[in-house]
Amino acid sequence: MLVLLILHLVAALLAPLLVRWWGPRACYPLALAPAAAFGWALTHAGTVRRGDPVVEAYPWIRQLDLDLALRVTTLSWLMVLLVGGIGAVVLAYCAHYFTPAEPGLGRFAGVFVAFAGAMLGLVVADNLLLLYVCWELTTVFSYLLIGHHPEQRSSRWAAAQALTVTTLGGLAMLIGFILLGQHAGSYRWSVIAAGPLPGGSYLVAAVLLILVGALAKSAILPFSSWLPAAMAAPTPVSAYLHAAAMVKAGVYLVGLLAPVLADAGPWRPVTVLAGAATMLAGGWAALRQTDLKLLLAYGTVSQLGLLVAATGAGTRNAALAAVALLLAHALFKAALFLVVGIVDHQAGTREIGELSGLRRRSPVVCVVAVLAAASMAGVPPLFGFVAKDEVLHAFLDQPVLLAVLVAGTMLTVAYSARFVWGAFADKPAVAATPVKPVPVALLAPPALLALTGLLLGPLAAPVGDYLVPYAELFVGGRAHLAFWHGFGPELLLSALVLTGGALLFALRGPLLPVLNRIRTPAPGTVVYEWLIHRFDRTAIEVTSVTQRGSLPQYLGIVLLVLVVVPGGALLAARPALAGVRPWDTPLQLVVALVLTVAAVLAVRARRRLTAVLLVGVTGYSTAMLFILYGAPDLALTQFLVETATIAVYVLVVRRLAPRFSARPLRRSRWVRRGIGVATGVVMAGLALAVASSRTDPPVSAAFPDLAVREGYGRNVVNVTLVDIRAWDTMGELAVLVVAATGVASLVFERSRTGPRPRRREAAPPETREGQRLWLRGGPTLHARHRSIVFEVVTRLLFHTIVLFSLFLLFSGHNAPGGGFVGGLVAGLALAVRYLAGGRHELQEAAPIGAGTVLGAGLAVSVGTGVIAMLAGHQVLESSRIDLRLPGIGDFYLVTSLFFDVGVYLVVVGLVLDILRSLGAEVDRQIEAAGEPDRALAADREGEPT
């Protein structure tokens with residue numbers, strides 16, 4: 001089965017190339033992928049007939065109980081036949097339906113094959129999470145297929161509607177799967193079905209959520225509107241989507257879960273009532289359509305309602321009737337859509353009012369259409385009659401529901417006759433429609449499907465032998481499929497249905513005013529458009545109120561939500577705070593008081609630089625608390641981060657006014673202070689509640705032993721970053737690279753890789769000869785911005801700081817330090833060099849692009865994981881290398897050091913990118929504009945800077 005999925009993937013990737021070479025005829029080799037699935041199903045027919053499953057399993061993510069578990073039973077085997085067989089037939093039809101000039105044909109072919117592969121994966125998946133992945137893939141691929149003509153607004157709108165409705169249903173279904181899988185202890189449906197199910201409201205919630213997804217996918221009320229709108233897709237897509245894929249996914253899911261969940265409280269009422277209502281509404285709407293494709297689309301909605309009602313009934317007879325109807329519907333509905341494609345292709349229209357005389361001009365097409373429509377109407381001896389007869393027999397003991405199904409099948413007979421009459425009959429008021437000859441290759445696919453429906457009717461008994469194992473999963477009497485059950489009530493009901501449907505069609509003229517008058521309270525499309533309009537309108541109104549361009553307002557809203565939602569939950573829960581101590585040593589209280597005073601003064605500060613420094617005091621005080629609590633690594637990191645942050649603040653503040661504006665007003669200041677205090681209280685309460693509610697030992701308790709045994713290091717913090725939780729660090733590195741790119745993109749107005757000042761251009765000509773320079777970039781600064789003492793100190797300490805950063809990098813595995821801390825120290829060295837000598841001095845210190853350093857760091861970190869994997873270890877797993885050097889002796893090297901080197905380079909690259917964007921680039925812009933920065937302007941006016 002996995003080979004079949006890979007075959008579909010390969011075919012989808014090759015499709016654009018094959019279409020470029022061979023045009024539409026490339027659909028023939030592409031049809032081999034679904035044909036292979038059909039052939040595989042035929043070879044396992046004997047196994048399925050015995051009721052034995054075909055199982056494949058491939059381990060994937062064991063921790064999440066997520067594996068590639070594939071399982072084929074009777075129902076999924078039937079779906080593989082339909083997905084593969086009809087997919088191959090429709091692709092063969094596409095080879096002659098499309099012309100070489102069709103735009104986007106290569107993309108269409110690739111997406112179509114991928115769609116078939118996703119549907120195949122959906123029906124063979126045993127793991128519910130894998131099923132969901134394939135479920136959403138069919139949604140995405142159907143979106144692309146329905147929107148095949150993006151230049152047409154109707155195609156875009158229909159594709160978006162299908163995507164929106166089915167995706168929302170899929171998300172609800174995913175939550176239901178998670179509820180079910182978490183409670184059962186496994187996401188494999190075969191395991192869940194074999195074990196006890198949760199009871200009460202837990203199971204009710206899971207069932208309702210899963211049914212929302214299934215009903216939305218199969219266009220069952222109230223989610224029916226997207227399916228008729230999807231007729232904007234090319235006709236072959238409609239044929240496949242309606243007959244074997246997409247809409248059948250919901251029916252398949254109901255059928256898969258019904259043997260286990262049919263007795264769950266809401267299951268039968270939801271499936272049976274929603275299915276019956278959809279059958280009536282869809283059939284009535286089909287009688288009003290004048291477009292042949294729309295007529296069939298609403299007919300599909302009606303038939304899907306019948307399928308869901310039969311599948312969800314949860315009885316043995318209904319289950320057998322459902323799978324028989326599933327097969328019959330796929331055959332006749334695919335054939336009818338392909339016939340519509342022929343009519344549209346050869347006559348140039350699908351409108352009933354414009355078609356006349358096709359019975360005489362295309363007699364073979366008419367015969368094929370009559371056979372398929374007769375099967376849809378349930379006329380013997382076609383297989384559709386067998387399926388309809390079995391449905392009526394299954395509901396003989398439920399007279400009210402039976403009456404609804406009889407009425408619905410009468411409507412089916414009526415719109416089936418309307419289809420044949422509308423497409424092929426002679427209409428005296430309409431001129432004969434000119435048609436082009438129909439190629440045999442275009443006619444063969446629908447003819448094959450229609451003749452199959454005719455052939456399977458008399459062979460109902462042997463066909464039923466392959467379908468009965470599914471029915472035997474349900475409790476009840478013995479069920480068997482047969483062409484003739486003798487004279488019984490179901491036969492009389494079949495005759496009544498055919499007679500009533502024929503009368504409805506015969507009286508179509510007098511009934512037309514009634515048809516036009518009796519509609520649903522609000523058509524589904526109208527409801528969907530109204531909802532979308534209201535959502536858009538509400539979004540605009542909310543945005544106009546909340547998105548006012550005020551950063552304090554945005555932050556205030558976020559913090560208010562934090563206070564109200566988690567804070568309200570905290571007040572409601574009132575957790576017991578066990579083991580809370582105010583402090584362990586009086587020094588902690590002193591530091592906390594300093595932190596509090598600095599925070600209050602920062603809020604009251606009127607000058608920007610004062611506020612920056614006071615905020616820095618709060619950060620350094622936090623680092624002191626880390627030291628007092630015995631966390632030197634955290635303290636060192638906090639000190640360095642706070643220092644780097646202050647440097648960045650200074651770079652930004654120099655382009656702003658020295659003082660804050662007079663606003664906010666006194667009242668709003670108190671509101672902001674109140675929000676700040678409330679946020680602090682809530683966060684402190686949450687921290688205490690979380691710490692007090694622990695019931696199991698923390699996972700970090702095992703880290704010290706793991707750090708020595710698996711990571712070969714005694715510094716638990718650093719080993720955690722580069723080994724135990726290396727995947728988390730890898731994600732953080734990616735975030736840092738993205739952040740650096742974002743900062744630079746916001747500031748740079750030209751290429752970041754453009755020409756930079758050459759080394760000889762750093763100092764003015766008069767200082768190049770006969771003058772001692774401490775920093776080459778120093779003379780390029782304004783005299784007021786130079787400090788000879790600063791330049792001398794920088795010259796003396798820069799290399800020492802860089803060496804110290806390397807020491808921290810190499811010693812961090814067993815002592816405080818590591819790549820992150822070392823990178824910060826090296827970045828601060830570059831910041832000192834820039835502050836002392838300006839942007840030219842920064843170029844002298846680091847004549848390499850920041851993007852190159854960032855990319856090299858990420859490459860080194862990723863490469864470490866890849867090399868470990870190639871060596872047969874897990875990704876990012878550490879190994880110990882024992883070495884001996886003369887004069888040094890024995891020592892060992894841990895491979896995670898190379899990962900730490902990548903972290904070091906990424907941090908250095910980030911700091912360098914910030915210095916070049918917020919520092920050097922802003923300097924360049926100031927020079928180009930010929931204006932001093934605001935700090936220099938304030939200095940010239942006599943204000944202290």
# chains A, B, ... in the order shown; residues from 1 in each chain; ligands from 1

$ select_by_dssp --residues "stretch 218-291 of chain A" --states "helix (DSSP H, G or I)" --output "NGL selection string"
:A and (226-232 or 235-243 or 247-261 or 267-286)

$ residues_around --residues "stretch 486-497 of chain A" --least-positions-apart "3" --cutoff "6 Å" --atoms "only C-alpha atoms" --output "ChimeraX atom specification"
/A:392-393,410,500-501

$ atom_distance --atom1 "atom CA of A:Leu912" --atom2 "atom CA of A:Ile627"
28.8 Å

$ closest_residue --among "A:Ala216, A:Leu577, A:Leu355, A:Trp284" --to "A:Leu504" --atoms "only C-alpha atoms"
A:Trp284

$ residues_around --residues "stretch 35-51 of chain A" --least-positions-apart "4" --cutoff "7 Å" --atoms "only C-alpha atoms" --output "mmCIF file with C-alpha atoms, in the first residue's frame"
data_model
loop_
_atom_site.group_PDB
_atom_site.id
_atom_site.type_symbol
_atom_site.label_atom_id
_atom_site.label_comp_id
_atom_site.auth_asym_id
_atom_site.auth_seq_id
_atom_site.Cartn_x
_atom_site.Cartn_y
_atom_site.Cartn_z
ATOM 1 C CA LEU A 4 1.024 2.702 -4.204
ATOM 2 C CA ALA A 31 -3.643 6.812 -15.246
ATOM 3 C CA THR A 73 -10.939 -4.193 5.260
ATOM 4 C CA THR A 74 -14.111 -4.666 3.211
ATOM 5 C CA TRP A 77 -11.161 -2.291 -0.149
ATOM 6 C CA VAL A 80 -9.708 1.504 -3.130
ATOM 7 C CA LEU A 81 -11.483 -0.080 -6.102
ATOM 8 C CA GLY A 84 -8.320 3.621 -8.332
ATOM 9 C CA GLY A 85 -10.709 2.387 -11.005
ATOM 10 C CA ALA A 88 -7.931 5.725 -14.049
ATOM 11 C CA ASP A 465 -20.269 -12.049 -1.114
ATOM 12 C CA TYR A 466 -17.475 -9.473 -1.133
ATOM 13 C CA PRO A 469 -18.120 -9.092 5.685
#

$ closest_residue --among "A:Trp135, A:Tyr298, A:Phe424, A:Phe891" --to "A:Lys248" --atoms "only C-alpha atoms"
A:Trp135

$ residues_around --residues "A:Ala160" --least-positions-apart "2" --cutoff "10 Å" --atoms "only C-alpha atoms" --output "PyMOL selection string"
chain A and resi 143-144+146-147+154-158+162-165+226+230

$ write_last_selection --atoms "N, CA and C atoms" --output "mmCIF file, in the first residue's frame"
data_model
loop_
_atom_site.group_PDB
_atom_site.id
_atom_site.type_symbol
_atom_site.label_atom_id
_atom_site.label_comp_id
_atom_site.auth_asym_id
_atom_site.auth_seq_id
_atom_site.Cartn_x
_atom_site.Cartn_y
_atom_site.Cartn_z
ATOM 1 N N TYR A 143 -9.376 22.133 -3.642
ATOM 2 C CA TYR A 143 -9.362 23.595 -3.793
ATOM 3 C C TYR A 143 -8.632 23.996 -5.073
ATOM 4 N N LEU A 144 -7.492 23.362 -5.325
ATOM 5 C CA LEU A 144 -6.723 23.685 -6.527
ATOM 6 C C LEU A 144 -7.450 23.233 -7.785
ATOM 7 N N ILE A 146 -10.836 22.740 -8.144
ATOM 8 C CA ILE A 146 -12.050 23.548 -8.359
ATOM 9 C C ILE A 146 -11.675 24.928 -8.892
ATOM 10 N N GLY A 147 -10.578 25.472 -8.414
ATOM 11 C CA GLY A 147 -10.120 26.780 -8.889
ATOM 12 C C GLY A 147 -9.169 26.672 -10.065
ATOM 13 N N SER A 154 -16.014 33.071 -10.456
ATOM 14 C CA SER A 154 -16.817 31.953 -9.965
ATOM 15 C C SER A 154 -15.940 30.800 -9.508
ATOM 16 N N SER A 155 -14.840 30.545 -10.225
ATOM 17 C CA SER A 155 -13.933 29.464 -9.824
ATOM 18 C C SER A 155 -13.250 29.794 -8.499
ATOM 19 N N ARG A 156 -12.788 31.012 -8.371
ATOM 20 C CA ARG A 156 -12.117 31.393 -7.127
ATOM 21 C C ARG A 156 -13.080 31.320 -5.949
ATOM 22 N N TRP A 157 -14.282 31.816 -6.142
ATOM 23 C CA TRP A 157 -15.269 31.833 -5.060
ATOM 24 C C TRP A 157 -15.655 30.408 -4.674
ATOM 25 N N ALA A 158 -15.896 29.544 -5.661
ATOM 26 C CA ALA A 158 -16.277 28.161 -5.372
ATOM 27 C C ALA A 158 -15.164 27.418 -4.658
ATOM 28 N N ALA A 162 -15.462 25.852 -0.843
ATOM 29 C CA ALA A 162 -15.194 24.452 -0.533
ATOM 30 C C ALA A 162 -14.092 24.323 0.508
ATOM 31 N N LEU A 163 -13.044 25.119 0.345
ATOM 32 C CA LEU A 163 -11.929 25.062 1.291
ATOM 33 C C LEU A 163 -12.370 25.490 2.686
ATOM 34 N N THR A 164 -13.131 26.560 2.778
ATOM 35 C CA THR A 164 -13.544 27.078 4.075
ATOM 36 C C THR A 164 -14.426 26.094 4.821
ATOM 37 N N VAL A 165 -15.454 25.593 4.140
ATOM 38 C CA VAL A 165 -16.421 24.719 4.801
ATOM 39 C C VAL A 165 -15.775 23.410 5.223
ATOM 40 N N TRP A 226 -21.540 24.139 -0.568
ATOM 41 C CA TRP A 226 -20.266 24.182 -1.278
ATOM 42 C C TRP A 226 -20.240 23.233 -2.478
ATOM 43 N N ALA A 230 -19.140 23.939 -6.408
ATOM 44 C CA ALA A 230 -17.911 23.323 -6.928
ATOM 45 C C ALA A 230 -18.035 22.895 -8.377
#

$ residues_around --residues "A:Ala850" --least-positions-apart "3" --cutoff "12 Å" --atoms "only C-alpha atoms" --output "list in words"
Val737, Ala740, Thr741, Ala744, Arg752, Thr753, Gly827, Leu842, Gln843, Ala846, Pro847, Val853, Leu854, Gly855, Ala856, Gly857, Leu905, Val906, Val907, Val908, Gly909, Leu910, Val911, Leu912, Asp913, Ile914, Leu915, Arg916 and Ser917 of chain A

$ atom_distance --atom1 "atom CA of A:Met246" --atom2 "atom CA of A:Lys217"
6.8 Å

$ atom_distance --atom1 "atom CA of A:Glu351" --atom2 "atom CA of A:Thr290"
5.7 Å

$ residues_around --residues "A:Ser692" --least-positions-apart "5" --cutoff "12 Å" --atoms "only C-alpha atoms" --output "mmCIF file with C-alpha atoms, in the first residue's frame"
data_model
loop_
_atom_site.group_PDB
_atom_site.id
_atom_site.type_symbol
_atom_site.label_atom_id
_atom_site.label_comp_id
_atom_site.auth_asym_id
_atom_site.auth_seq_id
_atom_site.Cartn_x
_atom_site.Cartn_y
_atom_site.Cartn_z
ATOM 1 C CA ARG A 574 -8.380 29.200 43.875
ATOM 2 C CA PRO A 575 -5.524 26.688 43.966
ATOM 3 C CA ALA A 576 -3.791 25.889 47.211
ATOM 4 C CA LEU A 577 -0.341 27.464 47.335
ATOM 5 C CA ALA A 578 1.774 24.872 49.132
ATOM 6 C CA GLY A 579 5.325 25.438 50.304
ATOM 7 C CA VAL A 580 5.467 29.164 49.512
ATOM 8 C CA ARG A 581 8.314 31.027 51.231
ATOM 9 C CA GLY A 685 -0.118 33.935 40.933
ATOM 10 C CA LEU A 686 0.134 31.675 37.893
ATOM 11 C CA ALA A 687 3.767 30.883 38.676
#

$ residues_around --residues "A:Leu327" --least-positions-apart "5" --cutoff "9 Å" --atoms "only C-alpha atoms" --output "VMD selection string"
chain A and resid 78 to 79 82 322 332 383 to 384 387 453

$ closest_residue --among "A:Leu203, A:Thr311, A:Leu382, A:Ala450" --to "A:Phe395" --atoms "only C-alpha atoms"
A:Thr311

$ closest_residue --among "A:Gln553, A:Thr538, A:Ser861, A:Thr300" --to "A:Ile675" --atoms "only C-alpha atoms"
A:Gln553
